[in-house]
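Below is one structure, written out as structure tokens, with a few remarks after it.
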Amino acid sequence: MNIYQKINEITEYIDNHLEEKIDYNVLARIMGVNSYTMQRIFSLLTTITLSDYIRKRRLSCAGYDFITNNEKIIDVALKYQYESATAFSRAFSSFHGINPSKITNTTILKNFPRIVLNEIDTSIKDMEYQIVEREEMIVYGKGVATDNDHIQEDAPKFFIEMEKQYKDSYGDIPYAMISYEEEEHLQCNYYFILYDKYIPDFEKIIIPASKWLSFRIPSQEAEDIHDISQKFYLEFLPSCKYNLKAIPELEYYHDEITDFLVAIE
């Protein structure tokens, strides 16, 4: 499977159905994975969530409709799947910087083009993994707010601070977890350290029973863990046949090594 070609087929399908309700399951079938995995891959390769991409394409085309066809706001709103003219006008103004009622033939509007990726060879480097099954886990976590630009610095700093504060009383930190702002896991928002025992003032977190892809890292250094996670997202995931679950990835620290765990169906 050329994943770049599949992305292009998806964006072509979207462009042909902007005036209809777009079924994510149809897009998933184009890629040959489940809906969740398709959205993850789309976001990783295009750096935009699928929902945001569809929204921007519709608003871009709506601007063209106003300029060329002089259509009514309510007609364009319904055409692009908005429930009301008010909701559409708000979204349109946020995107184009002007209310649709103010548009004239000389108005300058934004264009958000269809994404077309170069269909390059995506040879994958070897990544050894195993599939493990884990029962439901009840863990207790404490987190720090972060984002994609700062997590490489924030995560190890926070881990060291928590280790100094809690190791003497509760032992080594066994797990870490990253939470995300949206379902596609494009933008992270928190990094958690987790204990599998009750700790006062920690948040109780339930991790469902699941099968997991486990990638073993012979290190507990943040740089090595980041390197493997990036290889998973950018090299392994686009070509793997496993369907992912909407469960955050885990890092399991033990015996001077790290297991990077990703939940699958």
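Just remember, in the structure tokens the first chain shown is A, the second B, etc., residues are 1-based per chain, and ligands are 1-based in the order shown.
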Could you write out, as a VMD selection string, all the residues of range 19-260 of chain A that DSSP marks as strand (DSSP E or B)?
-> chain A and resid 130 to 134 137 to 145 175 to 180 188 to 195 203 to 207 210 to 217 244 250 to 254 257 to 260
Got a sec: who's within 10 Å of range 216-222 of chain A, counting only C-alpha atoms, leaving out chain neighbours fewer than 6 positions off, as a ChimeraX atom specification?
-> /A:127-130,152-153,155-157,159,228,251-261
Point-to-point distance from CA of Thr47 in chain A to CA of Ile10 in chain A, Å rounded to tenths = 15.1 Å
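Residue neighbourhood of Thr107 in chain A, excluding near-sequence residues (fewer than 4 positions): A:Ile67, A:Ile98, A:Lys102, A:Ile103, at 9 Å, using only C-alpha atoms.
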Saved selection, atoms kept: N, CA, C and O atoms, as an mmCIF file, in the first residue's frame:
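Result file part-v8.cif:
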```cif
data_model
loop_
_atom_site.group_PDB
_atom_site.id
_atom_site.type_symbol
_atom_site.label_atom_id
_atom_site.label_comp_id
_atom_site.auth_asym_id
_atom_site.auth_seq_id
_atom_site.Cartn_x
_atom_site.Cartn_y
_atom_site.Cartn_z
ATOM 1 N N ILE A 67 -18.461 34.749 -4.332
ATOM 2 C CA ILE A 67 -17.856 35.653 -5.297
ATOM 3 C C ILE A 67 -18.416 35.425 -6.700
ATOM 4 O O ILE A 67 -18.719 36.366 -7.438
ATOM 5 N N ILE A 98 -13.881 37.943 7.310
ATOM 6 C CA ILE A 98 -14.946 38.846 6.894
ATOM 7 C C ILE A 98 -16.266 38.108 6.965
ATOM 8 O O ILE A 98 -16.348 36.915 6.677
ATOM 9 N N LYS A 102 -20.795 40.820 4.005
ATOM 10 C CA LYS A 102 -20.000 41.989 3.613
ATOM 11 C C LYS A 102 -19.214 41.769 2.322
ATOM 12 O O LYS A 102 -18.488 42.660 1.861
ATOM 13 N N ILE A 103 -19.318 40.603 1.722
ATOM 14 C CA ILE A 103 -18.502 40.274 0.549
ATOM 15 C C ILE A 103 -18.960 41.058 -0.680
ATOM 16 O O ILE A 103 -20.165 41.189 -0.938
#
```
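With only C-alpha atoms as the atoms that count, the residue of A:Tyr140, A:Phe92, A:Tyr166, A:Tyr4 with the shortest distance to Glu203 in chain A is A:Tyr140.
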Nearest candidate to Ala246 in chain A (options A:Tyr175, A:Tyr180, A:Tyr24, A:Phe215; using only C-alpha atoms) =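 Of A:Tyr175, A:Tyr180, A:Tyr24, A:Phe215, the one nearest Ala246 in chain A, counting only C-alpha atoms, is A:Tyr180.
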Excluding Pro238 in chain A and residues on its chain fewer than 6 positions from it, collect all residues at most 12 Å away from it, counting only C-alpha atoms, and give them as a tab-separated table (two decimals) with N, CA and C atoms, in the first residue's frame.
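Contents of around.tsv, as written:
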```tsv
chain	number	residue	atom	x	y	z
A	1	MET	N	0.84	-1.20	0.00
A	1	MET	CA	0.00	0.00	0.00
A	1	MET	C	0.87	1.24	0.00
A	2	ASN	N	0.69	2.11	-0.99
A	2	ASN	CA	1.34	3.41	-0.99
A	2	ASN	C	0.45	4.36	-0.20
A	3	ILE	N	0.87	4.68	1.01
A	3	ILE	CA	0.00	5.45	1.91
A	3	ILE	C	-0.24	6.86	1.38
A	4	TYR	N	0.73	7.40	0.64
A	4	TYR	CA	0.55	8.74	0.07
A	4	TYR	C	-0.55	8.72	-0.99
A	5	GLN	N	-0.59	7.66	-1.78
A	5	GLN	CA	-1.64	7.52	-2.78
A	5	GLN	C	-3.01	7.40	-2.10
A	6	LYS	N	-3.08	6.68	-0.99
A	6	LYS	CA	-4.33	6.52	-0.26
A	6	LYS	C	-4.82	7.86	0.29
A	7	ILE	N	-3.90	8.66	0.82
A	7	ILE	CA	-4.27	10.00	1.31
A	7	ILE	C	-4.84	10.82	0.17
A	31	MET	N	-8.47	3.45	2.84
A	31	MET	CA	-7.13	3.19	3.37
A	31	MET	C	-6.97	1.74	3.82
A	32	GLY	N	-8.09	1.05	4.06
A	32	GLY	CA	-8.01	-0.35	4.48
A	32	GLY	C	-7.78	-0.54	5.96
A	33	VAL	N	-8.18	0.46	6.77
A	33	VAL	CA	-8.03	0.38	8.22
A	33	VAL	C	-9.33	0.86	8.86
A	37	THR	N	-7.82	4.68	13.12
A	37	THR	CA	-6.47	4.59	12.57
A	37	THR	C	-6.32	5.51	11.35
A	38	MET	N	-7.34	5.53	10.50
A	38	MET	CA	-7.29	6.39	9.32
A	38	MET	C	-7.12	7.85	9.72
A	39	GLN	N	-7.85	8.29	10.74
A	39	GLN	CA	-7.74	9.68	11.17
A	39	GLN	C	-6.36	9.98	11.75
A	40	ARG	N	-5.80	9.02	12.47
A	40	ARG	CA	-4.45	9.20	13.03
A	40	ARG	C	-3.43	9.35	11.91
A	41	ILE	N	-3.49	8.47	10.92
A	41	ILE	CA	-2.53	8.50	9.82
A	41	ILE	C	-2.70	9.79	9.01
A	42	PHE	N	-3.94	10.16	8.73
A	42	PHE	CA	-4.19	11.38	7.98
A	42	PHE	C	-3.58	12.59	8.69
A	43	SER	N	-3.81	12.69	9.99
A	43	SER	CA	-3.29	13.83	10.75
A	43	SER	C	-1.77	13.84	10.78
A	44	LEU	N	-1.17	12.67	10.94
A	44	LEU	CA	0.28	12.59	11.04
A	44	LEU	C	0.95	12.99	9.73
A	45	LEU	N	0.39	12.58	8.60
A	45	LEU	CA	1.02	12.84	7.31
A	45	LEU	C	0.69	14.21	6.73
A	122	THR	N	8.05	4.72	0.20
A	122	THR	CA	8.08	4.81	1.66
A	122	THR	C	8.65	3.51	2.23
A	123	SER	N	9.89	3.25	1.95
A	123	SER	CA	10.53	2.05	2.48
A	123	SER	C	10.65	2.16	3.99
A	124	ILE	N	10.32	1.10	4.68
A	124	ILE	CA	10.25	1.11	6.14
A	124	ILE	C	11.46	0.41	6.74
A	230	GLN	N	8.61	8.45	17.29
A	230	GLN	CA	8.55	9.12	15.99
A	230	GLN	C	8.64	8.10	14.85
A	231	LYS	N	9.50	7.12	15.00
A	231	LYS	CA	9.60	6.08	13.97
A	231	LYS	C	8.30	5.30	13.86
A	232	PHE	N	7.65	5.07	15.00
A	232	PHE	CA	6.38	4.36	14.96
A	232	PHE	C	5.35	5.16	14.18
A	244	LEU	N	-5.82	0.64	15.35
A	244	LEU	CA	-5.55	1.20	16.66
A	244	LEU	C	-6.83	1.45	17.45
```
Write out as a count of residues only each polymer residue whose atoms come within 9 Å of Thr68 in chain A, counting only C-alpha atoms; drop sequence neighbours fewer than 4 positions from it.
-> 3
Run DSSP on the backbone of this structure and report the residues of range 20-256 of chain A it assigns to helix (DSSP H, G or I), as an NGL selection string.
-> :A and (24-31 or 35-46 or 50-69 or 73-79 or 85-96 or 100-102 or 151-170 or 222-239)
Saved selection, atoms kept: C-alpha atoms, as a short mmCIF file (atom, residue, chain, number, x, y, z; two decimals), in the first residue's frame:
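Heads up, here's the output in again00.cif:
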```
data_model
loop_
_atom_site.label_atom_id
_atom_site.label_comp_id
_atom_site.auth_asym_id
_atom_site.auth_seq_id
_atom_site.Cartn_x
_atom_site.Cartn_y
_atom_site.Cartn_z
CA TYR A 24 -15.44 8.54 7.92
CA ASN A 25 -15.99 4.79 7.55
CA VAL A 26 -15.95 5.21 3.77
CA LEU A 27 -12.62 7.05 4.02
CA ALA A 28 -11.30 4.30 6.29
CA ARG A 29 -12.18 1.66 3.71
CA ILE A 30 -10.16 3.55 1.10
CA MET A 31 -7.13 3.19 3.37
CA SER A 35 -11.83 4.98 11.19
CA TYR A 36 -9.67 5.83 14.20
CA THR A 37 -6.47 4.59 12.57
CA MET A 38 -7.29 6.39 9.32
CA GLN A 39 -7.74 9.68 11.17
CA ARG A 40 -4.45 9.20 13.03
CA ILE A 41 -2.53 8.50 9.82
CA PHE A 42 -4.19 11.38 7.98
CA SER A 43 -3.29 13.83 10.75
CA LEU A 44 0.28 12.59 11.04
CA LEU A 45 1.02 12.84 7.31
CA THR A 46 -0.84 16.08 6.58
CA LEU A 50 -9.40 15.33 9.18
CA SER A 51 -12.32 17.35 10.57
CA ASP A 52 -10.37 20.60 10.30
CA TYR A 53 -9.31 19.76 6.74
CA ILE A 54 -12.92 19.15 5.65
CA ARG A 55 -14.05 22.32 7.40
CA LYS A 56 -11.40 24.47 5.69
CA ARG A 57 -12.09 22.98 2.27
CA ARG A 58 -15.80 23.71 2.63
CA LEU A 59 -15.22 27.28 3.79
CA SER A 60 -12.73 27.84 0.99
CA CYS A 61 -15.26 26.65 -1.59
CA ALA A 62 -18.01 28.69 0.07
CA GLY A 63 -16.02 31.84 -0.54
CA TYR A 64 -15.81 30.97 -4.22
CA ASP A 65 -19.58 30.47 -4.33
CA PHE A 66 -20.24 33.93 -2.91
CA ILE A 67 -17.86 35.65 -5.30
CA THR A 68 -18.92 33.86 -8.48
CA ASN A 69 -22.56 32.91 -7.94
CA ILE A 73 -25.93 32.80 3.02
CA ILE A 74 -28.51 30.24 4.16
CA ASP A 75 -28.24 28.34 0.87
CA VAL A 76 -24.46 28.10 1.11
CA ALA A 77 -24.66 27.18 4.80
CA LEU A 78 -26.97 24.24 4.09
CA LYS A 79 -24.96 23.27 1.01
CA ALA A 85 -26.76 30.58 8.78
CA THR A 86 -25.51 31.90 12.11
CA ALA A 87 -23.13 28.97 12.73
CA PHE A 88 -21.92 29.15 9.14
CA SER A 89 -21.33 32.92 9.26
CA ARG A 90 -19.34 32.58 12.46
CA ALA A 91 -17.11 29.87 10.94
CA PHE A 92 -16.78 31.78 7.66
CA SER A 93 -15.77 34.99 9.43
CA SER A 94 -13.18 33.15 11.53
CA PHE A 95 -11.65 31.55 8.42
CA HIS A 96 -11.82 34.39 5.88
CA PRO A 100 -20.23 36.67 4.28
CA SER A 101 -22.81 39.47 4.21
CA LYS A 102 -20.00 41.99 3.61
CA ILE A 151 7.09 17.98 25.32
CA GLN A 152 10.67 16.87 24.64
CA GLU A 153 11.77 19.35 27.29
CA ASP A 154 8.74 19.26 29.59
CA ALA A 155 8.41 15.46 29.92
CA PRO A 156 11.91 14.59 31.22
CA LYS A 157 11.97 17.68 33.45
CA PHE A 158 8.62 16.76 35.00
CA PHE A 159 9.61 13.10 35.34
CA ILE A 160 12.78 14.03 37.28
CA GLU A 161 10.81 16.39 39.56
CA MET A 162 8.22 13.71 40.33
CA GLU A 163 10.89 11.06 40.88
CA LYS A 164 12.64 13.25 43.45
CA GLN A 165 9.35 13.94 45.20
CA TYR A 166 7.82 10.46 45.27
CA LYS A 167 10.50 7.80 44.81
CA ASP A 168 11.43 7.46 48.48
CA SER A 169 7.79 6.92 49.49
CA TYR A 170 6.38 5.04 46.51
CA ALA A 222 13.80 10.63 26.88
CA GLU A 223 15.66 11.10 23.60
CA ASP A 224 15.65 7.37 22.82
CA ILE A 225 11.96 7.03 23.68
CA HIS A 226 11.08 10.02 21.48
CA ASP A 227 13.08 8.54 18.60
CA ILE A 228 11.17 5.24 18.71
CA SER A 229 7.78 6.94 19.03
CA GLN A 230 8.55 9.12 15.99
CA LYS A 231 9.60 6.08 13.97
CA PHE A 232 6.38 4.36 14.96
CA TYR A 233 4.19 7.27 13.88
CA LEU A 234 6.02 8.21 10.70
CA GLU A 235 7.39 4.86 9.47
CA PHE A 236 5.59 1.92 11.05
CA LEU A 237 2.00 3.16 11.45
CA PRO A 238 1.32 4.30 7.84
CA SER A 239 2.12 0.82 6.52
#
```
All residues 8 Å or closer to Glu133 in chain A, only C-alpha atoms, same chain fewer than 3 positions away omitted, as a PyMOL selection string = chain A and resi 209-212
